[in-house]
$ cat start-v3.tsv   # TSV, C-alpha atoms and all ligand atoms
chain	number	residue	atom	x	y	z
A	3	MET	CA	13.92	32.23	-4.07
A	4	ASN	CA	10.60	30.85	-5.29
A	5	TRP	CA	9.58	27.19	-4.91
A	6	ASN	CA	10.62	26.19	-8.42
A	7	SER	CA	14.05	27.74	-8.30
A	8	ARG	CA	14.54	26.28	-4.83
A	9	ARG	CA	13.69	22.85	-6.23
A	10	ARG	CA	16.09	23.37	-9.14
A	11	ALA	CA	18.87	24.45	-6.80
A	12	LEU	CA	18.22	21.43	-4.60
A	13	ARG	CA	18.34	19.16	-7.64
A	14	LEU	CA	21.70	20.61	-8.67
A	15	MET	CA	23.02	20.13	-5.16
A	16	ALA	CA	21.65	16.62	-5.11
A	17	ALA	CA	23.26	15.87	-8.46
A	18	ALA	CA	26.59	17.12	-7.13
A	19	ILE	CA	26.24	14.88	-4.07
A	20	ALA	CA	25.28	11.99	-6.34
A	21	GLY	CA	28.42	12.61	-8.38
A	22	LEU	CA	30.52	12.51	-5.24
A	23	ALA	CA	28.74	9.41	-4.02
A	24	THR	CA	29.37	7.62	-7.33
A	25	ALA	CA	33.03	8.59	-7.22
A	26	CYS	CA	33.30	7.21	-3.67
A	27	GLU	CA	31.46	4.03	-4.63
A	28	LYS	CA	33.79	3.50	-7.59
A	29	LYS	CA	36.77	3.85	-5.29
A	30	SER	CA	35.44	1.35	-2.81
A	31	GLU	CA	34.51	-1.20	-5.49
A	32	THR	CA	37.91	-2.84	-5.26
A	33	GLN	CA	37.81	-2.91	-1.46
A	34	ALA	CA	34.47	-4.32	-0.37
A	35	PRO	CA	31.14	-4.86	-2.13
A	36	ALA	CA	28.64	-2.11	-1.42
A	37	PRO	CA	25.74	-3.27	0.77
A	38	ASP	CA	22.75	-4.46	-1.26
A	39	ALA	CA	20.29	-1.62	-1.60
A	40	GLY	CA	17.78	-3.82	-3.33
A	41	LYS	CA	17.16	-4.33	-7.01
A	42	SER	CA	16.20	-1.41	-9.20
A	43	GLY	CA	13.60	-2.06	-11.86
A	44	THR	CA	14.65	0.79	-14.13
A	45	SER	CA	17.90	1.79	-15.78
A	46	ALA	CA	20.21	4.26	-14.09
A	47	ALA	CA	19.41	6.93	-16.69
A	48	PRO	CA	18.87	10.36	-15.15
A	49	THR	CA	15.30	11.57	-14.79
A	50	THR	CA	14.35	13.57	-17.88
A	51	GLU	CA	13.05	17.07	-17.23
A	52	ASN	CA	9.85	16.78	-19.27
A	53	LYS	CA	8.59	13.40	-17.99
A	54	ARG	CA	6.99	13.43	-14.54
A	55	SER	CA	8.92	11.10	-12.29
A	56	VAL	CA	7.96	9.01	-9.29
A	57	GLY	CA	10.29	7.07	-7.01
A	58	PHE	CA	8.55	4.01	-5.60
A	59	SER	CA	10.06	1.85	-2.89
A	60	GLN	CA	8.36	-1.53	-2.74
A	61	ILE	CA	8.75	-3.92	0.20
A	62	GLY	CA	9.60	-7.00	-1.81
A	63	ALA	CA	7.80	-9.91	-3.48
A	64	GLU	CA	6.81	-11.94	-0.41
A	65	SER	CA	3.24	-12.77	-1.44
A	66	ASP	CA	0.80	-12.95	-4.35
A	67	TRP	CA	-0.74	-9.75	-2.97
A	68	ARG	CA	2.58	-7.94	-3.24
A	69	LYS	CA	3.19	-9.15	-6.80
A	70	ALA	CA	-0.25	-7.94	-7.89
A	71	ASN	CA	0.39	-4.62	-6.14
A	72	THR	CA	3.70	-4.11	-7.98
A	73	GLU	CA	2.15	-4.96	-11.34
A	74	SER	CA	-0.72	-2.55	-10.74
A	75	ILE	CA	1.62	0.33	-9.87
A	76	GLN	CA	4.00	-0.33	-12.77
A	77	ALA	CA	1.14	-0.64	-15.28
A	78	GLU	CA	-0.52	2.55	-14.07
A	79	ALA	CA	2.76	4.51	-14.23
A	80	ALA	CA	3.29	3.38	-17.80
A	81	ALA	CA	-0.32	4.08	-18.82
A	82	ARG	CA	-0.11	7.66	-17.53
A	83	GLY	CA	3.34	8.34	-19.01
A	84	PHE	CA	5.25	8.60	-15.73
A	85	GLU	CA	8.89	7.71	-15.34
A	86	LEU	CA	8.92	5.18	-12.49
A	87	GLU	CA	12.03	4.60	-10.43
A	88	PHE	CA	11.14	1.25	-8.88
A	89	ALA	CA	13.21	-0.21	-6.05
A	90	ASP	CA	12.60	-3.59	-4.39
A	91	ALA	CA	13.77	-3.53	-0.75
A	92	GLN	CA	13.72	-7.29	-0.23
A	93	GLN	CA	11.91	-6.93	3.13
A	94	LYS	CA	14.55	-4.66	4.65
A	95	GLN	CA	13.82	-1.22	6.07
A	96	GLU	CA	17.45	-0.19	5.60
A	97	ASN	CA	17.13	-0.88	1.86
A	98	GLN	CA	13.97	1.22	1.72
A	99	ILE	CA	15.70	4.11	3.47
A	100	LYS	CA	18.60	3.90	0.99
A	101	ALA	CA	16.18	3.87	-1.93
A	102	LEU	CA	14.30	6.90	-0.56
A	103	ARG	CA	17.57	8.81	-0.21
A	104	ALA	CA	18.52	7.85	-3.77
A	105	PHE	CA	15.18	9.25	-4.99
A	106	VAL	CA	15.98	12.56	-3.27
A	107	VAL	CA	19.40	12.65	-4.93
A	108	LYS	CA	17.77	11.98	-8.31
A	109	GLY	CA	15.24	14.72	-7.65
A	110	VAL	CA	12.08	12.80	-8.54
A	111	ASP	CA	8.82	14.79	-8.50
A	112	VAL	CA	6.99	12.55	-6.00
A	113	ILE	CA	8.10	9.74	-3.70
A	114	ALA	CA	5.74	6.88	-2.86
A	115	PHE	CA	6.45	3.87	-0.72
A	116	SER	CA	4.96	0.95	1.11
A	117	PRO	CA	6.72	0.93	4.49
A	118	VAL	CA	7.74	-2.55	5.62
A	119	VAL	CA	7.39	-1.64	9.33
A	120	GLU	CA	5.57	1.20	11.10
A	121	THR	CA	8.38	2.93	12.98
A	122	GLY	CA	11.80	4.43	12.24
A	123	TRP	CA	10.86	6.65	9.28
A	124	GLU	CA	11.00	10.09	10.86
A	125	PRO	CA	14.62	11.05	9.95
A	126	VAL	CA	14.41	10.06	6.28
A	127	LEU	CA	10.95	11.64	5.92
A	128	LYS	CA	12.37	14.88	7.31
A	129	GLU	CA	15.17	14.78	4.72
A	130	ILE	CA	12.62	14.30	1.95
A	131	LYS	CA	10.51	17.16	3.28
A	132	GLN	CA	13.56	19.43	3.33
A	133	ALA	CA	14.21	18.55	-0.30
A	134	GLY	CA	10.64	19.69	-1.06
A	135	ILE	CA	9.45	16.34	-2.43
A	136	PRO	CA	5.89	15.25	-1.56
A	137	VAL	CA	5.44	11.74	-0.11
A	138	VAL	CA	2.54	9.36	-0.61
A	139	LEU	CA	2.23	6.30	1.63
A	140	THR	CA	0.67	3.36	-0.06
A	141	ASP	CA	-0.59	0.07	1.42
A	142	ARG	CA	0.95	0.40	4.92
A	143	ALA	CA	0.99	3.23	7.45
A	144	VAL	CA	3.84	4.75	9.48
A	145	GLU	CA	3.99	6.17	12.99
A	146	VAL	CA	5.33	9.73	12.93
A	147	SER	CA	4.93	12.70	15.25
A	148	ASP	CA	4.66	15.28	12.46
A	149	PRO	CA	1.65	14.65	10.19
A	150	ASP	CA	3.14	16.93	7.52
A	151	LEU	CA	5.82	14.36	6.72
A	152	TYR	CA	3.50	12.81	4.15
A	153	VAL	CA	0.57	14.02	2.09
A	154	THR	CA	-1.76	11.03	2.13
A	155	PHE	CA	-2.00	7.35	3.02
A	156	ILE	CA	-3.77	5.08	0.54
A	157	GLY	CA	-4.64	1.60	1.70
A	158	ALA	CA	-7.07	-0.75	3.40
A	159	ASP	CA	-8.39	-0.66	6.95
A	160	PHE	CA	-6.40	-3.54	8.45
A	161	VAL	CA	-8.12	-3.38	11.86
A	162	GLU	CA	-11.47	-3.86	10.17
A	163	GLU	CA	-10.07	-6.81	8.20
A	164	GLY	CA	-9.08	-8.45	11.51
A	165	ARG	CA	-12.57	-7.83	12.89
A	166	ARG	CA	-14.19	-9.33	9.81
A	167	ALA	CA	-12.03	-12.46	10.04
A	168	ALA	CA	-13.01	-12.83	13.71
A	169	ARG	CA	-16.72	-12.29	13.04
A	170	TRP	CA	-16.67	-14.99	10.40
A	171	LEU	CA	-14.85	-17.41	12.70
A	172	ILE	CA	-17.10	-16.76	15.71
A	173	LYS	CA	-20.15	-17.52	13.58
A	174	GLU	CA	-18.66	-20.54	11.84
A	175	MET	CA	-17.41	-22.11	15.09
A	176	GLY	CA	-20.53	-21.30	17.10
A	177	GLY	CA	-18.57	-19.12	19.50
A	178	LYS	CA	-16.12	-21.87	20.55
A	179	ALA	CA	-12.68	-22.51	19.03
A	180	MET	CA	-9.03	-23.24	19.76
A	181	VAL	CA	-7.32	-20.89	17.36
A	182	ALA	CA	-3.81	-20.88	15.92
A	183	GLU	CA	-2.74	-17.51	14.54
A	184	LEU	CA	-0.13	-16.88	11.86
A	185	GLN	CA	0.95	-13.26	12.13
A	186	GLY	CA	2.46	-11.14	9.37
A	187	THR	CA	5.86	-9.42	9.35
A	188	PRO	CA	6.70	-8.32	12.92
A	189	GLY	CA	6.23	-4.57	13.37
A	190	SER	CA	4.30	-4.13	10.12
A	191	ALA	CA	1.03	-2.22	10.09
A	192	PRO	CA	-1.05	-5.15	8.74
A	193	ALA	CA	0.36	-7.59	11.34
A	194	ILE	CA	-0.28	-5.17	14.22
A	195	ASP	CA	-3.74	-4.08	13.05
A	196	ARG	CA	-5.05	-7.45	11.89
A	197	LYS	CA	-4.14	-8.91	15.28
A	198	ARG	CA	-5.71	-5.99	17.10
A	199	GLY	CA	-8.98	-6.13	15.15
A	200	PHE	CA	-9.32	-9.88	15.63
A	201	GLU	CA	-8.61	-9.73	19.37
A	202	GLU	CA	-11.01	-6.83	19.81
A	203	GLU	CA	-13.82	-8.84	18.27
A	204	ILE	CA	-13.22	-12.13	20.14
A	205	LYS	CA	-12.92	-10.37	23.51
A	206	SER	CA	-16.62	-10.84	24.18
A	207	HIS	CA	-16.40	-14.55	23.24
A	208	PRO	CA	-14.33	-16.19	26.00
A	209	ASP	CA	-14.58	-19.63	24.39
A	210	ILE	CA	-12.71	-18.44	21.31
A	211	LYS	CA	-9.11	-18.86	22.47
A	212	ILE	CA	-5.89	-18.10	20.62
A	213	ILE	CA	-3.69	-20.95	21.83
A	214	LYS	CA	-0.78	-20.47	19.40
A	215	SER	CA	0.44	-17.28	17.75
A	216	GLN	CA	3.63	-16.61	15.82
A	217	SER	CA	4.87	-14.76	12.77
A	218	GLY	CA	4.92	-16.56	9.44
A	219	GLU	CA	6.36	-13.40	7.82
A	220	PHE	CA	3.59	-13.24	5.19
A	221	THR	CA	5.23	-16.05	3.17
A	222	ARG	CA	4.00	-19.47	2.13
A	223	SER	CA	7.17	-21.29	3.22
A	224	LYS	CA	7.23	-19.74	6.68
A	225	GLY	CA	3.49	-20.29	7.09
A	226	ARG	CA	4.00	-23.98	6.40
A	227	GLU	CA	7.00	-24.22	8.73
A	228	VAL	CA	5.31	-22.46	11.66
A	229	MET	CA	2.07	-24.43	11.26
A	230	GLU	CA	4.09	-27.64	11.34
A	231	THR	CA	5.65	-26.63	14.69
A	232	PHE	CA	2.20	-25.61	16.00
A	233	LEU	CA	0.78	-29.03	15.14
A	234	LYS	CA	3.72	-30.86	16.70
A	235	SER	CA	3.54	-28.84	19.93
A	236	PRO	CA	1.79	-30.25	23.04
A	237	GLU	CA	-1.32	-28.12	22.27
A	238	GLY	CA	-1.25	-29.09	18.57
A	239	LYS	CA	-4.09	-31.61	18.81
A	240	GLN	CA	-6.49	-29.03	20.23
A	241	ILE	CA	-6.20	-26.63	17.27
A	242	ASN	CA	-9.47	-26.57	15.32
A	243	ALA	CA	-9.24	-23.14	13.67
A	244	LEU	CA	-6.57	-21.10	11.95
A	245	TYR	CA	-6.43	-17.36	11.47
A	246	ALA	CA	-3.68	-16.33	9.03
A	247	HIS	CA	-2.89	-12.65	8.44
A	248	ASN	CA	-2.57	-13.39	4.71
A	249	ASP	CA	-3.57	-16.03	2.17
A	250	ASP	CA	-0.03	-17.11	1.37
A	251	MET	CA	0.61	-18.22	4.97
A	252	ALA	CA	-2.74	-20.02	5.02
A	253	LEU	CA	-1.81	-21.83	1.81
A	254	GLY	CA	1.52	-22.89	3.33
A	255	ALA	CA	-0.29	-24.00	6.50
A	256	ILE	CA	-2.74	-26.07	4.42
A	257	GLN	CA	0.22	-28.14	3.22
A	258	ALA	CA	1.43	-28.64	6.80
A	259	ILE	CA	-2.07	-29.69	7.91
A	260	GLU	CA	-2.30	-32.24	5.10
A	261	GLU	CA	1.16	-33.56	5.92
A	262	ALA	CA	-0.01	-34.07	9.50
A	263	GLY	CA	-2.79	-36.31	8.15
A	264	LEU	CA	-5.58	-33.80	8.82
A	265	LYS	CA	-8.17	-32.21	6.52
A	266	PRO	CA	-7.70	-28.44	6.07
A	267	GLY	CA	-11.05	-26.67	5.89
A	268	VAL	CA	-12.72	-29.53	7.82
A	269	ASP	CA	-10.65	-30.63	10.83
A	270	ILE	CA	-9.20	-27.16	11.02
A	271	LYS	CA	-11.35	-24.27	9.75
A	272	ILE	CA	-9.26	-21.59	8.07
A	273	VAL	CA	-9.79	-17.87	7.56
A	274	SER	CA	-7.17	-15.61	6.00
A	275	ILE	CA	-6.85	-12.18	4.43
A	276	ASP	CA	-6.11	-10.81	0.90
A	277	GLY	CA	-8.44	-12.64	-1.50
A	278	VAL	CA	-5.81	-13.66	-4.06
A	279	ARG	CA	-6.67	-16.10	-6.86
A	280	SER	CA	-4.94	-19.08	-5.22
A	281	ALA	CA	-7.07	-18.55	-2.10
A	282	PHE	CA	-10.21	-18.84	-4.25
A	283	GLU	CA	-8.81	-22.03	-5.77
A	284	ALA	CA	-8.18	-23.43	-2.28
A	285	MET	CA	-11.73	-22.46	-1.25
A	286	ALA	CA	-13.20	-24.11	-4.35
A	287	ALA	CA	-11.22	-27.25	-3.39
A	288	GLY	CA	-12.72	-27.10	0.13
A	289	LYS	CA	-9.38	-26.50	1.86
A	290	LEU	CA	-9.75	-22.85	2.85
A	291	ASN	CA	-13.02	-21.60	4.35
A	292	CYS	CA	-12.98	-17.83	4.07
A	293	THR	CA	-10.84	-14.98	2.79
A	294	VAL	CA	-11.27	-11.35	3.78
A	295	GLU	CA	-10.45	-9.24	0.77
A	296	CYS	CA	-7.67	-6.65	0.77
A	297	ASN	CA	-7.37	-5.12	-2.67
A	298	PRO	CA	-3.75	-4.80	-3.90
A	299	LEU	CA	-4.64	-2.96	-7.13
A	300	LEU	CA	-3.65	0.42	-5.76
A	301	GLY	CA	-2.06	1.79	-8.94
A	302	PRO	CA	-5.05	3.89	-10.10
A	303	GLN	CA	-5.68	5.45	-6.66
A	304	LEU	CA	-1.97	6.09	-6.18
A	305	PHE	CA	-1.55	7.89	-9.50
A	306	ASP	CA	-4.80	9.83	-9.04
A	307	ALA	CA	-3.28	11.18	-5.83
A	308	ILE	CA	0.10	11.84	-7.44
A	309	GLU	CA	-1.47	13.73	-10.33
A	310	ALA	CA	-3.58	15.80	-7.93
A	311	ILE	CA	-0.50	16.65	-5.87
A	312	LEU	CA	1.42	17.73	-8.97
A	313	ALA	CA	-1.55	19.82	-10.11
A	314	LYS	CA	-1.65	21.37	-6.60
A	315	LYS	CA	-5.17	20.10	-6.07
A	316	PRO	CA	-6.38	19.05	-2.62
A	317	VAL	CA	-5.88	15.40	-1.66
A	318	GLU	CA	-7.64	13.47	1.14
A	319	ARG	CA	-5.38	12.66	4.09
A	320	ARG	CA	-6.59	9.06	4.17
A	321	ILE	CA	-7.83	7.12	1.16
A	322	VAL	CA	-9.39	3.78	2.13
A	323	THR	CA	-9.55	0.94	-0.37
A	324	PRO	CA	-12.92	-0.86	-0.32
A	325	SER	CA	-13.07	-4.65	0.10
A	326	GLY	CA	-15.36	-7.62	0.80
A	327	VAL	CA	-15.50	-11.05	2.48
A	328	PHE	CA	-15.65	-14.28	0.45
A	329	GLU	CA	-16.60	-17.82	1.46
A	330	GLN	CA	-16.28	-21.35	0.06
A	331	ALA	CA	-19.86	-21.63	-1.18
A	332	THR	CA	-19.43	-19.03	-3.92
A	333	ALA	CA	-15.68	-19.42	-4.57
A	334	ALA	CA	-15.97	-21.31	-7.87
A	335	GLU	CA	-18.25	-18.56	-9.25
A	336	ASP	CA	-16.32	-15.67	-7.70
A	337	ILE	CA	-13.01	-16.79	-9.17
A	338	LYS	CA	-14.26	-16.00	-12.69
A	339	THR	CA	-14.30	-12.29	-11.97
A	340	ARG	CA	-11.20	-12.01	-9.80
A	341	LYS	CA	-8.56	-9.65	-11.15
A	342	TYR	CA	-5.60	-10.83	-9.05
A	401	LIG	O1	-1.80	-8.68	3.12
A	401	LIG	C1	0.33	-9.44	2.49
A	401	LIG	C2	1.51	-8.69	2.02
A	401	LIG	O2	0.60	-4.94	3.34
A	401	LIG	C3	-1.63	-5.46	2.88
A	401	LIG	O3	1.46	-7.47	2.74
A	401	LIG	C4	-0.22	-5.82	2.69
A	401	LIG	C5	0.14	-7.23	3.11
A	401	LIG	C6	-0.65	-8.33	2.47
A	401	LIG	O4	2.67	-9.34	2.05
A	401	LIG	O5	0.02	-10.52	1.68
$ encode --input "start-v3.tsv" --output "structure tokens"
Amino acid sequence: MNWNSRRRALRLMAAAIAGLATACEKKSETQAPAPDAGKSGTSAAPTTENKRSVGFSQIGAESDWRKANTESIQAEAAARGFELEFADAQQKQENQIKALRAFVVKGVDVIAFSPVVETGWEPVLKEIKQAGIPVVLTDRAVEVSDPDLYVTFIGADFVEEGRRAARWLIKEMGGKAMVAELQGTPGSAPAIDRKRGFEEEIKSHPDIKIIKSQSGEFTRSKGREVMETFLKSPEGKQINALYAHNDDMALGAIQAIEEAGLKPGVDIKIVSIDGVRSAFEAMAAGKLNCTVECNPLLGPQLFDAIEAILAKKPVERRIVTPSGVFEQATAAEDIKTRKY
């Protein structure tokens, strides 16, 4: 059997399984609600044979970065005439795994996803490989023992982002600071790597001390809540710098700092990561000091890779998205050219 007929046979098998699954689901409807597999952005219409199809499992909508990322991918799919099966996992790995399996059943041409955490993907990636569907990782990396489980990983260098944030802080604080850290989603590649890069860089500066560190789950509300507890803790009064793994948490923390009667950007110097528009606004207002850019507009790179894969052209194993560092002084000017 050649590759094409194998794919066709697999699709037929998958369709049969899907039929069975639907029948089972229908049966169980009256018993208990099916667990939430996340919202689907497209209709349940079967993938048409002539349109190239991509299944994309997104993490959720936790931050401005994520929203810009989703828009970029959806716009690029539409512009290039792809059928996009979009599934929002609402921050849950189990929902992502369900969505990935549903893409296999549908028989999409390529599967892309942004993995919420780094580990636990091996079984589902093996199933996808067996079905002969290529996988592209976008935004976040996974830890797997077999490198052939995905074709390429497109995204930023999170360790370097952490280093850049640290370098800025060391310079700004003259090598001496009591730092509070707001970490991203536990177990996620950006939370792990941004912490690692920052710690690596401050190692040779013993007077830069992280005195508080906790996850703010990459959201504004959690960032605010955790910063409030930091400030109320016995060490709260010593905090004079904040490192947030994303802008949204920094923006939430800014509110908590103001509520505590302090001046964000002055009493507590703040550096965060992403470079979203609202971070530039906060910098222009003097409340945020620095943002390390992490470009979410991955749609064009993602679909370049997908088209190359479908055309059987070679694709780089690792595609790094370029980015910069922005400070208060130029924020009002910079904001005019920001695209997200
Ligand atoms: O920094 C954060 C988002 O994975 C790079 O996820 C992404 C991160 C981004 O929620 O805002």
$ axis_aligned_box --input "start-v3.tsv" --around "ligand LIG 401 (chain A)" --padding-each-side "5 Å" --output "AutoDock Vina command-line options"
--center_x 0.4 --center_y -7.7 --center_z 2.5 --size_x 14.5 --size_y 15.6 --size_z 11.7
$ residues_around --input "start-v3.tsv" --residues "A:Ala262" --least-positions-apart "5" --cutoff "12 Å" --atoms "only C-alpha atoms" --output "list of chain:residue names"
A:Arg226, A:Met229, A:Glu230, A:Thr231, A:Phe232, A:Leu233, A:Lys234, A:Gly238, A:Lys239, A:Ala255, A:Ile256, A:Gln257, A:Asp269, A:Ile270
$ residues_near_ligand --input "start-v3.tsv" --ligand "ligand LIG 401 (chain A)" --cutoff "10 Å" --atoms "all atoms listed in the file" --output "MDAnalysis selection string"
chainID A and resid 61:71 93 116:119 140:143 157:160 163 186:187 190:193 196 219:222 246:251 274:278 294:298
$ atom_distance --input "start-v3.tsv" --atom1 "atom CA of A:Glu260" --atom2 "atom CA of A:Thr293"
19.4 Å
$ atom_distance --input "start-v3.tsv" --atom1 "atom CA of A:Lys341" --atom2 "atom CA of A:Phe305"
19.0 Å
$ atom_distance --input "start-v3.tsv" --atom1 "atom CA of A:Glu78" --atom2 "atom CA of A:Leu139"
16.4 Å
$ residues_near_point --input "start-v3.tsv" --point "(14.9, 14.3, 0.7)" --cutoff "9 Å" --atoms "all atoms listed in the file" --output "compact mmCIF listing (two decimals) with C-alpha atoms, in the coordinates of the input"
# COMPACT_ATOMS: atom_id res chain seq x y z
CA LEU A 102 14.30 6.90 -0.56
CA ARG A 103 17.57 8.81 -0.21
CA ALA A 104 18.52 7.85 -3.77
CA PHE A 105 15.18 9.25 -4.99
CA VAL A 106 15.98 12.56 -3.27
CA VAL A 107 19.40 12.65 -4.93
CA GLY A 109 15.24 14.72 -7.65
CA VAL A 126 14.41 10.06 6.28
CA LEU A 127 10.95 11.64 5.92
CA LYS A 128 12.37 14.88 7.31
CA GLU A 129 15.17 14.78 4.72
CA ILE A 130 12.62 14.30 1.95
CA LYS A 131 10.51 17.16 3.28
CA GLN A 132 13.56 19.43 3.33
CA ALA A 133 14.21 18.55 -0.30
CA GLY A 134 10.64 19.69 -1.06
CA ILE A 135 9.45 16.34 -2.43
$ closest_residue --input "start-v3.tsv" --among "A:Leu253, A:Cys292, A:Ala284, A:Ile75" --to "A:Arg169" --atoms "only C-alpha atoms"
A:Cys292
$ residues_around --input "start-v3.tsv" --residues "A:Asp148" --least-positions-apart "3" --cutoff "9 Å" --atoms "all atoms listed in the file" --output "list of chain:residue names"
A:Glu124, A:Leu151, A:Tyr152
$ write_last_selection --input "start-v3.tsv" --atoms "C-alpha atoms" --output "CSV table (one decimal), keeping the file's coordinate frame"
chain,number,residue,atom,x,y,z
A,124,GLU,CA,11.0,10.1,10.9
A,151,LEU,CA,5.8,14.4,6.7
A,152,TYR,CA,3.5,12.8,4.2
$ residues_around --input "start-v3.tsv" --residues "A:Ser206" --least-positions-apart "4" --cutoff "12 Å" --atoms "only C-alpha atoms" --output "list in words"
Ala168, Arg169, Ile172, Gly177, Lys178, Phe200, Glu201, Glu202, Ile210 and Lys211 of chain A
$ closest_residue --input "start-v3.tsv" --among "A:Asp150, A:Glu283, A:Glu73, A:Glu85" --to "A:Ala331" --atoms "only C-alpha atoms"
A:Glu283
$ closest_residue --input "start-v3.tsv" --among "A:Ile272, A:Met180, A:Ile308, A:Ala101" --to "A:Ile213" --atoms "all atoms listed in the file"
A:Met180
$ residues_around --input "start-v3.tsv" --residues "A:Gln76" --least-positions-apart "5" --cutoff "12 Å" --atoms "all atoms listed in the file" --output "PyMOL selection string"
chain A and resi 43-44+56-60+69-71+81-89+299-302+304-305
$ residues_near_point --input "start-v3.tsv" --point "(-13.1, -15.0, -7.1)" --cutoff "10 Å" --atoms "all atoms listed in the file" --output "list in words"
Gly277, Val278, Arg279, Ser280, Ala281, Phe282, Glu283, Met285, Ala286, Phe328, Glu329, Thr332, Ala333, Ala334, Glu335, Asp336, Ile337, Lys338, Thr339, Arg340, Lys341 and Tyr342 of chain A
$ closest_residue --input "start-v3.tsv" --among "A:Ser325, A:Ser147, A:Asn242, A:Thr154" --to "A:Glu174" --atoms "all atoms listed in the file"
A:Asn242
$ closest_residue --input "start-v3.tsv" --among "A:Ile99, A:Val110, A:Ile194, A:Ile321" --to "A:Pro125" --atoms "all atoms listed in the file"
A:Ile99
$ closest_residue --input "start-v3.tsv" --among "A:Pro316, A:Gly254, A:Gly199, A:Pro208" --to "A:Lys224" --atoms "only C-alpha atoms"
A:Gly254
$ decode --input "start-v3.tsv" --residues "stretch 253-290 of chain A" --atoms "C-alpha atoms" --output "PDB file, in the first residue's frame"
ATOM      1  CA  LEU A 253      -0.520  44.763  34.657  1.00  0.00           C
ATOM      2  CA  GLY A 254      -2.524  42.967  37.351  1.00  0.00           C
ATOM      3  CA  ALA A 255       0.336  43.484  39.817  1.00  0.00           C
ATOM      4  CA  ILE A 256       0.427  47.210  38.990  1.00  0.00           C
ATOM      5  CA  GLN A 257      -3.136  47.464  40.292  1.00  0.00           C
ATOM      6  CA  ALA A 258      -2.186  45.630  43.501  1.00  0.00           C
ATOM      7  CA  ILE A 259       0.831  47.928  43.993  1.00  0.00           C
ATOM      8  CA  GLU A 260      -1.345  51.024  43.577  1.00  0.00           C
ATOM      9  CA  GLU A 261      -3.933  49.627  45.972  1.00  0.00           C
ATOM     10  CA  ALA A 262      -1.151  49.175  48.521  1.00  0.00           C
ATOM     11  CA  GLY A 263      -0.436  52.918  48.225  1.00  0.00           C
ATOM     12  CA  LEU A 264       2.829  52.475  46.310  1.00  0.00           C
ATOM     13  CA  LYS A 265       3.983  53.796  42.935  1.00  0.00           C
ATOM     14  CA  PRO A 266       4.481  51.056  40.315  1.00  0.00           C
ATOM     15  CA  GLY A 267       7.476  51.811  38.113  1.00  0.00           C
ATOM     16  CA  VAL A 268       9.013  53.989  40.857  1.00  0.00           C
ATOM     17  CA  ASP A 269       8.799  52.332  44.292  1.00  0.00           C
ATOM     18  CA  ILE A 270       8.821  48.967  42.591  1.00  0.00           C
ATOM     19  CA  LYS A 271      10.602  48.686  39.230  1.00  0.00           C
ATOM     20  CA  ILE A 272       8.833  46.295  36.884  1.00  0.00           C
ATOM     21  CA  VAL A 273      10.047  44.182  33.980  1.00  0.00           C
ATOM     22  CA  SER A 274       7.814  41.727  32.143  1.00  0.00           C
ATOM     23  CA  ILE A 275       7.694  39.767  28.900  1.00  0.00           C
ATOM     24  CA  ASP A 276       5.520  39.843  25.708  1.00  0.00           C
ATOM     25  CA  GLY A 277       5.408  43.463  24.527  1.00  0.00           C
ATOM     26  CA  VAL A 278       1.639  43.730  24.094  1.00  0.00           C
ATOM     27  CA  ARG A 279      -0.010  47.106  23.434  1.00  0.00           C
ATOM     28  CA  SER A 280      -1.287  47.532  27.006  1.00  0.00           C
ATOM     29  CA  ALA A 281       2.276  47.089  28.288  1.00  0.00           C
ATOM     30  CA  PHE A 282       3.390  49.988  26.076  1.00  0.00           C
ATOM     31  CA  GLU A 283       0.510  52.062  27.438  1.00  0.00           C
ATOM     32  CA  ALA A 284       1.587  51.246  31.002  1.00  0.00           C
ATOM     33  CA  MET A 285       5.189  52.183  30.120  1.00  0.00           C
ATOM     34  CA  ALA A 286       4.073  55.473  28.565  1.00  0.00           C
ATOM     35  CA  ALA A 287       2.172  56.150  31.826  1.00  0.00           C
ATOM     36  CA  GLY A 288       5.361  55.454  33.819  1.00  0.00           C
ATOM     37  CA  LYS A 289       3.956  52.387  35.593  1.00  0.00           C
ATOM     38  CA  LEU A 290       5.879  49.626  33.843  1.00  0.00           C
TER      39      LEU A 290
END
